[in-house]
>>> print(open('entry.txt').read())   # compact mmCIF, C-alpha atoms and all ligand atoms
# COMPACT_ATOMS: atom_id res chain seq x y z
CA MET W 1 135.78 129.78 65.31
CA ARG W 2 136.32 132.49 67.87
CA ILE W 3 132.62 133.14 67.98
CA ILE W 4 131.94 129.46 68.58
CA LEU W 5 134.53 129.40 71.36
CA PHE W 6 132.97 132.50 72.83
CA PHE W 7 129.56 130.83 72.97
CA ILE W 8 131.00 127.62 74.37
CA SER W 9 132.76 129.53 77.15
CA LEU W 10 129.63 131.58 77.76
CA PHE W 11 127.67 128.35 78.10
CA ILE W 12 130.22 126.86 80.53
CA PHE W 13 130.38 130.09 82.49
CA SER W 14 126.61 130.37 82.80
CA GLY W 15 126.52 126.69 83.80
CA ILE W 16 128.86 127.42 86.69
CA LEU W 17 126.81 130.43 87.70
CA ALA W 18 123.59 128.44 87.83
CA GLN W 19 124.06 127.15 91.34
CA ARG W 20 121.18 126.21 93.56
CA LYS W 21 120.22 128.89 96.06
CA CYS W 22 117.65 127.92 98.65
CA GLY W 23 116.37 130.75 100.84
CA THR W 24 115.15 128.61 103.73
CA VAL W 25 118.04 129.21 106.14
CA ASP W 26 118.10 132.96 105.45
CA TYR W 27 114.36 132.94 105.95
CA TYR W 28 114.62 131.15 109.33
CA ASN W 29 117.23 133.66 110.46
CA SER W 30 115.28 136.70 109.33
CA MET W 31 111.97 135.51 110.75
CA LYS W 32 113.15 133.96 114.01
CA SER W 33 111.15 136.31 116.19
CA THR W 34 107.86 135.74 114.43
CA LEU W 35 108.07 132.11 113.32
CA MET W 36 107.69 130.36 116.62
CA VAL W 37 104.65 130.66 118.82
CA ASN W 38 105.85 130.00 122.37
CA GLY W 39 108.20 127.42 120.92
CA GLN W 40 105.29 125.03 120.50
CA PRO W 41 104.28 123.22 117.35
CA ILE W 42 101.06 124.84 116.30
CA LEU W 43 99.83 122.67 113.48
CA GLN W 44 99.01 119.57 115.48
CA SER W 45 95.49 118.21 115.53
CA ASN W 46 93.13 119.37 118.24
CA SER W 47 91.26 116.11 118.01
CA SER W 48 91.07 114.19 121.28
CA ASN W 49 91.52 111.02 119.25
CA ALA W 50 94.65 112.04 117.40
CA ARG W 51 96.51 108.95 116.25
CA ASP W 52 99.92 107.93 114.98
CA PRO W 53 100.35 106.99 111.33
CA TYR W 54 100.59 103.25 110.66
CA SER W 55 104.03 102.04 109.72
CA ASN W 56 103.50 102.01 105.97
CA GLU W 57 100.41 104.17 105.77
CA MET W 58 100.39 106.37 102.69
CA ILE W 59 99.90 109.89 104.02
CA SER W 60 97.98 112.08 101.57
CA ILE W 61 98.80 115.78 101.41
CA PRO W 62 96.28 118.01 99.62
CA VAL W 63 98.18 120.76 97.81
CA VAL W 64 96.95 124.19 96.77
CA ILE W 65 99.04 126.06 94.20
CA HIS W 66 98.90 129.87 94.24
CA VAL W 67 100.26 131.09 90.89
CA LEU W 68 101.13 134.79 91.19
CA TYR W 69 102.01 136.32 87.85
CA ASN W 70 103.08 139.76 86.75
CA THR W 71 103.88 138.71 83.19
CA ALA W 72 102.24 136.04 81.04
CA ILE W 73 105.29 133.78 81.20
CA GLN W 74 105.01 133.61 84.99
CA ASN W 75 101.45 132.26 84.68
CA ILE W 76 102.67 128.68 84.34
CA SER W 77 100.43 126.06 82.72
CA ASP W 78 98.34 123.37 84.39
CA ALA W 79 100.57 120.83 82.63
CA GLN W 80 103.66 122.31 84.28
CA ILE W 81 101.99 122.12 87.69
CA ILE W 82 100.81 118.55 87.15
CA SER W 83 104.33 117.53 86.08
CA GLN W 84 105.60 118.79 89.44
CA LEU W 85 103.02 116.75 91.37
CA GLN W 86 104.21 113.70 89.49
CA VAL W 87 107.83 114.36 90.54
CA LEU W 88 106.81 114.75 94.19
CA ASN W 89 104.88 111.50 94.12
CA GLU W 90 107.88 109.72 92.63
CA ASP W 91 110.56 111.26 94.84
CA PHE W 92 108.74 110.78 98.15
CA ASN W 93 107.96 107.16 97.26
CA LYS W 94 111.32 106.15 95.76
CA ILE W 95 109.79 105.41 92.38
CA ASN W 96 111.81 108.12 90.60
CA LYS W 97 113.54 106.55 87.61
CA ASP W 98 116.94 107.96 88.56
CA THR W 99 117.22 105.84 91.71
CA ILE W 100 119.45 103.73 89.43
CA ASN W 101 122.00 106.54 89.76
CA THR W 102 122.18 106.19 93.56
CA PRO W 103 125.57 104.64 94.42
CA SER W 104 125.04 101.14 95.82
CA VAL W 105 126.52 102.05 99.23
CA PHE W 106 123.83 104.72 99.63
CA LYS W 107 121.07 102.64 98.03
CA GLN W 108 121.04 100.59 101.24
CA VAL W 109 119.65 103.57 103.14
CA ALA W 110 117.52 105.11 100.35
CA ALA W 111 113.93 105.39 101.55
CA ALA W 112 110.37 105.56 100.30
CA CYS W 113 108.73 108.10 102.62
CA ASN W 114 105.18 106.95 101.74
CA ILE W 115 103.88 110.47 101.32
CA SER W 116 101.58 111.29 98.39
CA PHE W 117 100.51 114.66 97.08
CA CYS W 118 97.35 115.61 95.21
CA LEU W 119 96.05 118.88 93.87
CA ALA W 120 93.25 119.63 96.33
CA LYS W 121 89.87 118.44 95.06
CA LEU W 122 87.92 120.10 97.88
CA ASP W 123 88.43 123.56 99.27
CA ALA W 124 88.15 124.38 102.96
CA GLN W 125 84.40 124.85 102.59
CA GLY W 126 83.92 121.44 100.91
CA ARG W 127 83.44 122.89 97.43
CA THR W 128 85.00 121.41 94.32
CA THR W 129 88.32 122.95 93.27
CA THR W 130 91.18 122.37 90.84
CA GLY W 131 93.68 123.13 93.60
CA ILE W 132 95.17 125.86 91.39
CA ILE W 133 94.61 129.58 91.98
CA ARG W 134 95.85 132.08 89.42
CA LYS W 135 96.18 135.70 90.37
CA TYR W 136 97.71 138.73 88.67
CA THR W 137 100.06 140.68 90.91
CA SER W 138 101.40 144.17 90.33
CA LYS W 139 104.63 143.15 92.07
CA THR W 140 107.40 142.34 89.59
CA SER W 141 109.25 140.22 92.14
CA PHE W 142 109.10 138.98 95.72
CA SER W 143 111.71 138.54 98.45
CA ILE W 144 111.74 135.99 101.28
CA ASP W 145 109.57 138.23 103.47
CA ASP W 146 106.32 136.28 102.83
CA ALA W 147 104.57 139.14 100.97
CA MET W 148 103.34 136.54 98.43
CA LYS W 149 101.30 134.88 101.19
CA TYR W 150 98.95 137.79 101.79
CA ALA W 151 96.48 139.41 99.39
CA SER W 152 97.14 142.70 101.16
CA SER W 153 100.76 142.72 99.96
CA GLY W 154 100.30 141.59 96.35
CA GLY W 155 100.05 137.88 97.11
CA ASP W 156 97.32 135.37 97.83
CA ASP W 157 96.12 134.29 101.29
CA SER W 158 96.90 130.76 102.40
CA TRP W 159 94.28 128.05 102.73
CA ASP W 160 93.95 126.32 106.11
CA CYS W 161 97.56 125.30 106.72
CA LYS W 162 96.49 122.45 109.00
CA LYS W 163 94.78 120.76 106.06
CA TYR W 164 96.64 121.96 102.95
CA LEU W 165 100.20 122.33 101.79
CA ASN W 166 100.22 125.83 100.31
CA ILE W 167 102.70 126.37 97.46
CA TRP W 168 103.20 129.87 96.10
CA ILE W 169 104.66 130.18 92.58
CA CYS W 170 106.09 133.60 91.82
CA ASN W 171 109.13 135.54 90.65
CA LEU W 172 111.71 135.50 93.45
CA GLN W 173 114.54 138.02 93.79
CA SER W 174 118.29 137.52 94.10
CA SER W 175 118.45 134.18 92.27
CA THR W 176 116.72 132.44 95.17
CA ILE W 177 114.75 129.54 93.68
CA GLY W 178 112.71 128.53 96.69
CA TYR W 179 112.21 128.64 100.45
CA SER W 180 110.11 126.95 103.08
CA THR W 181 108.70 127.57 106.52
CA PRO W 182 109.64 125.19 109.35
CA PRO W 183 107.02 122.63 110.47
CA ASN W 184 106.20 124.58 113.62
CA GLY W 185 105.98 128.09 112.27
CA GLN W 186 103.30 130.74 112.19
CA ILE W 187 100.21 129.14 110.77
CA ASP W 188 98.97 131.56 108.13
CA ARG W 189 102.36 131.67 106.38
CA ASP W 190 103.08 127.95 106.50
CA GLY W 191 104.11 126.43 103.16
CA VAL W 192 106.71 126.69 100.43
CA VAL W 193 107.53 129.25 97.75
CA ILE W 194 109.07 128.25 94.41
CA GLN W 195 110.51 130.31 91.56
CA TYR W 196 108.10 130.01 88.62
CA ASP W 197 110.63 128.60 86.14
CA CYS W 198 112.09 126.04 88.55
CA PHE W 199 108.83 124.14 89.02
CA GLY W 200 107.85 120.96 87.19
CA THR W 201 109.48 119.23 84.26
CA THR W 202 107.67 120.74 81.29
CA GLY W 203 106.71 124.21 80.09
CA ASN W 204 108.65 127.29 81.10
CA ILE W 205 111.57 125.79 83.03
CA LYS W 206 115.20 126.68 83.49
CA TYR W 207 118.14 124.27 83.33
CA PRO W 208 119.60 122.91 85.63
CA PHE W 209 116.46 123.22 87.82
CA ASN W 210 114.22 121.56 85.26
CA LYS W 211 113.39 118.26 86.93
CA GLY W 212 111.14 119.40 89.77
CA ARG W 213 113.70 118.88 92.53
CA THR W 214 113.47 122.43 93.91
CA ALA W 215 109.99 121.60 95.19
CA THR W 216 111.15 118.20 96.46
CA HIS W 217 113.94 119.96 98.38
CA GLU W 218 111.72 122.71 99.80
CA ILE W 219 108.98 120.28 100.82
CA GLY W 220 111.78 118.31 102.50
CA HIS W 221 112.32 121.46 104.62
CA TRP W 222 108.55 121.79 105.13
CA LEU W 223 108.71 118.25 106.50
CA GLY W 224 111.47 119.15 108.95
CA LEU W 225 114.64 118.23 107.05
CA ARG W 226 117.77 120.32 107.25
CA HIS W 227 120.42 120.76 104.59
CA ILE W 228 122.59 117.68 104.50
CA TRP W 229 125.75 119.58 105.51
CA GLY W 230 124.01 121.03 108.57
CA ASP W 231 124.58 124.59 107.28
CA ASN W 232 128.00 124.57 108.89
CA ILE W 233 131.52 123.53 108.00
CA CYS W 234 131.45 119.79 108.66
CA GLY W 235 128.10 120.33 110.38
CA SER W 236 125.47 117.69 111.03
CA ASP W 237 121.87 117.63 109.83
CA GLY W 238 120.92 115.62 112.92
CA ILE W 239 120.33 112.49 110.82
CA ASP W 240 122.53 109.45 111.47
CA ASP W 241 122.63 107.88 108.04
CA THR W 242 123.55 111.00 106.07
CA PRO W 243 127.36 111.35 106.35
CA ASN W 244 128.78 114.67 107.49
CA GLN W 245 130.25 116.70 104.68
CA SER W 246 132.31 119.87 104.74
CA SER W 247 129.85 122.02 102.82
CA CYS W 248 127.20 121.97 100.13
CA ASN W 249 127.85 120.47 96.70
CA PHE W 250 126.92 122.33 93.54
CA ASN W 251 126.41 121.10 89.98
CA CYS W 252 127.01 117.39 89.52
CA PRO W 253 129.98 115.75 91.32
CA SER W 254 131.04 112.20 90.59
CA PHE W 255 131.04 109.47 93.21
CA PRO W 256 132.87 109.25 95.52
CA LYS W 257 133.13 112.92 96.45
CA LEU W 258 135.41 113.13 99.49
CA SER W 259 135.60 116.14 101.75
CA ASP W 260 137.61 117.04 104.88
CA CYS W 261 135.12 115.47 107.23
CA SER W 262 134.04 112.41 105.25
CA PRO W 263 133.64 109.57 107.74
CA ASN W 264 134.74 106.98 105.19
CA ALA W 265 135.66 106.43 101.55
CA ASN W 266 132.04 106.80 100.41
CA GLY W 267 132.31 110.55 100.95
CA ASP W 268 129.39 112.95 100.54
CA MET W 269 125.80 111.90 99.90
CA PHE W 270 125.65 114.64 97.27
CA MET W 271 122.76 112.92 95.47
CA ASN W 272 120.50 113.55 98.50
CA PHE W 273 117.56 115.87 97.79
CA MET W 274 118.74 118.09 100.65
CA ASP W 275 122.11 118.92 99.08
CA TYR W 276 122.57 121.75 96.53
CA THR W 277 123.33 119.66 93.44
CA ASP W 278 121.54 120.06 90.11
CA ASP W 279 118.10 118.53 89.66
CA ALA W 280 119.45 115.76 87.42
CA CYS W 281 122.00 114.72 90.07
CA MET W 282 119.80 114.31 93.16
CA ASN W 283 117.72 111.20 93.62
CA MET W 284 117.22 110.07 97.24
CA PHE W 285 116.01 110.63 100.79
CA SER W 286 117.54 108.40 103.48
CA ASP W 287 115.86 106.14 106.06
CA GLY W 288 116.81 108.62 108.78
CA GLN W 289 115.21 111.48 106.88
CA LYS W 290 112.10 109.37 106.30
CA ASN W 291 111.80 108.62 110.02
CA LEU W 292 112.11 112.29 110.91
CA ILE W 293 109.47 113.22 108.32
CA ARG W 294 106.98 110.58 109.46
CA GLY W 295 107.53 111.54 113.08
CA LEU W 296 105.98 114.93 112.31
CA PHE W 297 102.66 113.18 111.67
CA SER W 298 102.62 111.41 115.04
CA THR W 299 100.00 112.19 117.69
CA ASN W 300 101.73 115.30 119.00
CA GLY W 301 103.66 116.14 115.85
CA PRO W 302 103.26 119.48 114.07
CA ARG W 303 101.84 117.84 110.92
CA ASN W 304 99.44 115.42 112.65
CA SER W 305 96.40 117.34 111.39
CA PHE W 306 97.10 116.08 107.86
CA LEU W 307 95.94 112.60 108.90
CA TYR W 308 92.49 114.20 109.11
CA SER W 309 92.64 116.20 105.90
CA PHE W 310 90.21 114.97 103.28
CA GLY W 311 91.02 117.47 100.53
CA CYS W 312 92.23 114.66 98.22
CA ASP W 313 88.87 112.83 98.33
CA SER W 314 87.00 113.50 95.11
CA SER W 315 84.04 111.39 96.25
CA LEU W 316 83.22 114.13 98.73
CA VAL W 317 82.73 116.64 95.94
CA GLU W 318 78.98 117.06 96.02
CA SER W 319 76.75 120.04 96.24
CA GLY W 320 76.03 120.58 99.88
CA ALA W 321 78.61 118.04 101.04
CA THR W 322 80.34 118.95 104.26
CA LEU W 323 83.88 117.97 105.06
CA PRO W 324 84.45 115.52 107.88
CA SER W 325 85.48 117.68 110.79
CA ASP W 326 87.32 116.97 113.99
CA THR W 327 84.01 116.32 115.69
CA ILE W 328 83.44 113.39 113.36
CA VAL W 329 87.00 112.21 113.81
CA ASN W 330 86.32 112.11 117.54
CA ASP W 331 84.02 109.16 116.97
CA VAL W 332 86.70 107.10 115.25
CA LYS W 333 88.10 104.12 117.12
CA LYS W 334 91.80 103.53 116.77
CA GLU W 335 91.36 100.05 115.33
CA PRO W 336 90.49 99.66 111.64
CA SER W 337 86.91 100.71 111.29
CA ILE W 338 84.20 102.00 109.00
CA LEU W 339 83.03 105.56 109.37
CA ILE W 340 79.61 106.65 108.08
CA PHE W 341 78.27 110.18 108.08
CA PRO W 342 76.10 112.09 108.35
CA ASN W 343 73.78 109.99 110.45
CA PRO W 344 70.87 110.67 110.24
CA ALA W 345 71.30 111.36 106.54
CA HIS W 346 68.97 112.91 104.00
CA PHE W 347 70.52 112.93 100.52
CA ASP W 348 73.72 110.88 100.69
CA LEU W 349 75.57 108.67 103.11
CA LYS W 350 79.37 108.78 102.99
CA VAL W 351 81.24 105.62 103.88
CA PHE W 352 84.97 105.65 104.76
CA GLY W 353 87.57 103.07 105.64
CA GLU W 354 89.41 104.49 108.64
CA ASN W 355 92.60 103.59 110.49
CA GLY W 356 93.81 101.23 107.80
CA TYR W 357 90.45 99.58 107.07
CA GLN W 358 90.43 98.78 103.34
CA LEU W 359 87.03 99.67 101.95
CA MET W 360 88.10 99.46 98.33
CA GLY W 361 86.72 96.34 96.61
CA LYS W 362 84.19 95.60 99.36
CA ARG W 363 80.48 95.29 98.60
CA ILE W 364 78.28 97.89 100.28
CA SER W 365 74.58 97.11 100.62
CA VAL W 366 71.59 98.78 102.20
CA PHE W 367 68.81 96.60 103.67
CA SER W 368 65.46 97.37 105.24
CA THR W 369 65.12 96.23 108.86
CA SER W 370 63.10 93.27 107.53
CA GLY W 371 66.12 92.18 105.44
CA LYS W 372 65.09 93.36 101.98
CA LEU W 373 68.04 94.36 99.77
CA LEU W 374 67.47 97.90 98.50
CA ILE W 375 70.84 99.22 97.27
CA THR W 376 74.13 97.51 96.49
CA LYS W 377 77.42 98.69 95.01
CA ARG W 378 81.11 97.91 95.14
CA ALA W 379 83.54 100.43 96.61
CA THR W 380 86.07 101.54 94.00
CA ALA W 381 88.10 103.59 96.48
CA ASN W 382 88.60 103.76 100.21
CA ASN W 383 85.48 105.84 100.48
CA ALA W 384 82.06 105.63 98.86
CA ASN W 385 78.90 107.64 98.44
CA ILE W 386 75.44 106.04 98.82
CA ASP W 387 72.57 107.90 97.20
CA LEU W 388 69.58 107.69 99.56
CA SER W 389 67.10 109.54 97.38
CA MET W 390 65.10 106.35 96.63
CA LEU W 391 64.58 105.49 100.30
CA LYS W 392 61.63 106.48 102.46
CA PRO W 393 62.44 108.00 105.86
CA GLY W 394 63.23 105.34 108.44
CA LEU W 395 65.84 103.02 109.95
CA TYR W 396 68.11 101.01 107.61
CA LEU W 397 71.03 98.63 107.83
CA LEU W 398 74.29 99.17 105.97
CA LYS W 399 76.37 96.06 105.31
CA VAL W 400 80.00 96.16 104.19
CA GLU W 401 81.42 92.78 103.18
CA ASP W 402 83.91 90.74 101.25
CA ASP W 403 84.43 86.98 101.06
CA VAL W 404 85.81 86.67 104.56
CA SER W 405 84.12 89.21 106.75
CA HIS W 406 81.26 91.64 107.07
CA LYS W 407 80.21 94.57 109.22
CA ILE W 408 76.70 95.89 109.73
CA MET W 409 75.78 99.39 110.89
CA LYS W 410 72.48 101.20 111.39
CA PHE W 411 71.61 104.55 109.95
CA ILE W 412 68.54 106.73 109.73
CA LYS W 413 67.18 108.35 106.58
CA PHE W 414 65.08 111.45 107.22
ZN ZN E 1 117.23 124.29 101.29
>>> encode(input="entry.txt", output="structure tokens", more="lines below")
Ligand SMILES: [Zn+2]
Amino acid sequence: MRIILFFISLFIFSGILAQRKCGTVDYYNSMKSTLMVNGQPILQSNSSNARDPYSNEMISIPVVIHVLYNTAIQNISDAQIISQLQVLNEDFNKINKDTINTPSVFKQVAAACNISFCLAKLDAQGRTTTGIIRKYTSKTSFSIDDAMKYASSGGDDSWDCKKYLNIWICNLQSSTIGYSTPPNGQIDRDGVVIQYDCFGTTGNIKYPFNKGRTATHEIGHWLGLRHIWGDNICGSDGIDDTPNQSSCNFNCPSFPKLSDCSPNANGDMFMNFMDYTDDACMNMFSDGQKNLIRGLFSTNGPRNSFLYSFGCDSSLVESGATLPSDTIVNDVKKEPSILIFPNPAHFDLKVFGENGYQLMGKRISVFSTSGKLLITKRATANNANIDLSMLKPGLYLLKVEDDVSHKIMKFIKF
């Protein structure tokens, strides 16, 4: 009996010890001098035709995962990584099943951020990729000094931080389970770092950080969110619809959780992803947080360049395919439009719906200038690839149509 009691108390004790520890604020403080470049956001697009996101536009973020392992157990599986992507796509779109646990008073301000994440399908050179890099490191653990972000210090170099969200998976010191850079930090170290056994929902994961919320929380920081208690006693996170609370909440409080500075009887929004509660107890972002996040993608926002990142587009994975660059984006009109490139084209013509134009489901046809139908296909995504190998060099017409409208463009095959 005593032995059983001993194990029960050990379990309870270890449960209390397992409190969330995010390194982001310590990181900001330690890196203050190097993070900011003249105080200006540095990740914004250089395109002269930068645009704002549409109100409900789904913003796609290509993700590259750098798995740095010193022992086999740290080399987490593809399945574990994929399970994390699933959590991100649920949490940032309010389709996580545990939204039913959000108290009704907070449900009114719970938000779908309309951000989606994919493992990158194209690397920065336009080559096919799994979006997962695995690398042995001789370092047994890392601190919050960014060593994991450089090959020269036992880590792995970032991919273009204007186009990819870089996530480093490694063994972190001092029970820190993750940290993030701010949205306007130094470019080659931009991204988030997550403890290897606090990532995803399957595989080698550690209770109570076994539901993928560490990455949701850290990417919240990457998208400009502060801790919900403002990192101060009764501090503010700068968001109107997240009530002030005296400090962070650990473990799993029950609603309502009142604190000294609760504005009303609803108390703390401890189930917010930006508190310190256990994975199983957090389930929402608020409308105010959503608005702050989406503001980062606006014309002059530090994450605007992601509106021009095509790393999620598998249709571009071709030998010799080149990624659309800012010079192509410069040709885009701000109204919904169809983008074709390259033009002139030799092997393939890529067709995109741009600025909210829905290409998916439309019929795409190629005609000779005398009106003879030569190629036809239906777009199964918001981009399509037309094989030109059967065509002789010359001028052709491309028609994109559905039942109610059509558009015709010229292109040259050489
Ligand atoms: Zn944090």
>>> residues_near_point(input="entry.txt", point="(114.6, 104.0, 90.0)", cutoff="12 Å", atoms="all atoms listed in the file", output="ChimeraX atom specification")
/W:90-91,93-103,107,110-112,282-284
>>> residues_near_ligand(input="entry.txt", ligand="ligand ZN 1 (chain E)", cutoff="12 Å", atoms="all atoms listed in the file", output="number ranges by chain")
W: 20-28, 176-182, 192-194, 213-231, 237, 248, 272-277
>>> closest_residue(input="entry.txt", among="W:Lys135, W:Arg363, W:Lys407, W:Lys350", to="Leu388 (chain W)", atoms="all atoms listed in the file")
W:Lys350
>>> atom_distance(input="entry.txt", atom1="CA of Asn232 (chain W)", atom2="CA of Phe142 (chain W)")
27.2 Å
>>> atom_distance(input="entry.txt", atom1="CA of Arg378 (chain W)", atom2="CA of Phe341 (chain W)")
18.1 Å
>>> residues_around(input="entry.txt", residues="Lys149 (chain W)", least_positions_apart="2", cutoff="9 Å", atoms="all atoms listed in the file", output="VMD selection string")
chain W and resid 66 146 to 147 151 to 158 168 188 to 190
>>> atom_distance(input="entry.txt", atom1="CA of Gly126 (chain W)", atom2="CA of Asp387 (chain W)")
18.1 Å
>>> closest_residue(input="entry.txt", among="W:Ser55, W:Thr130, W:Gln19, W:Ser246", to="Ser298 (chain W)", atoms="only C-alpha atoms")
W:Ser55
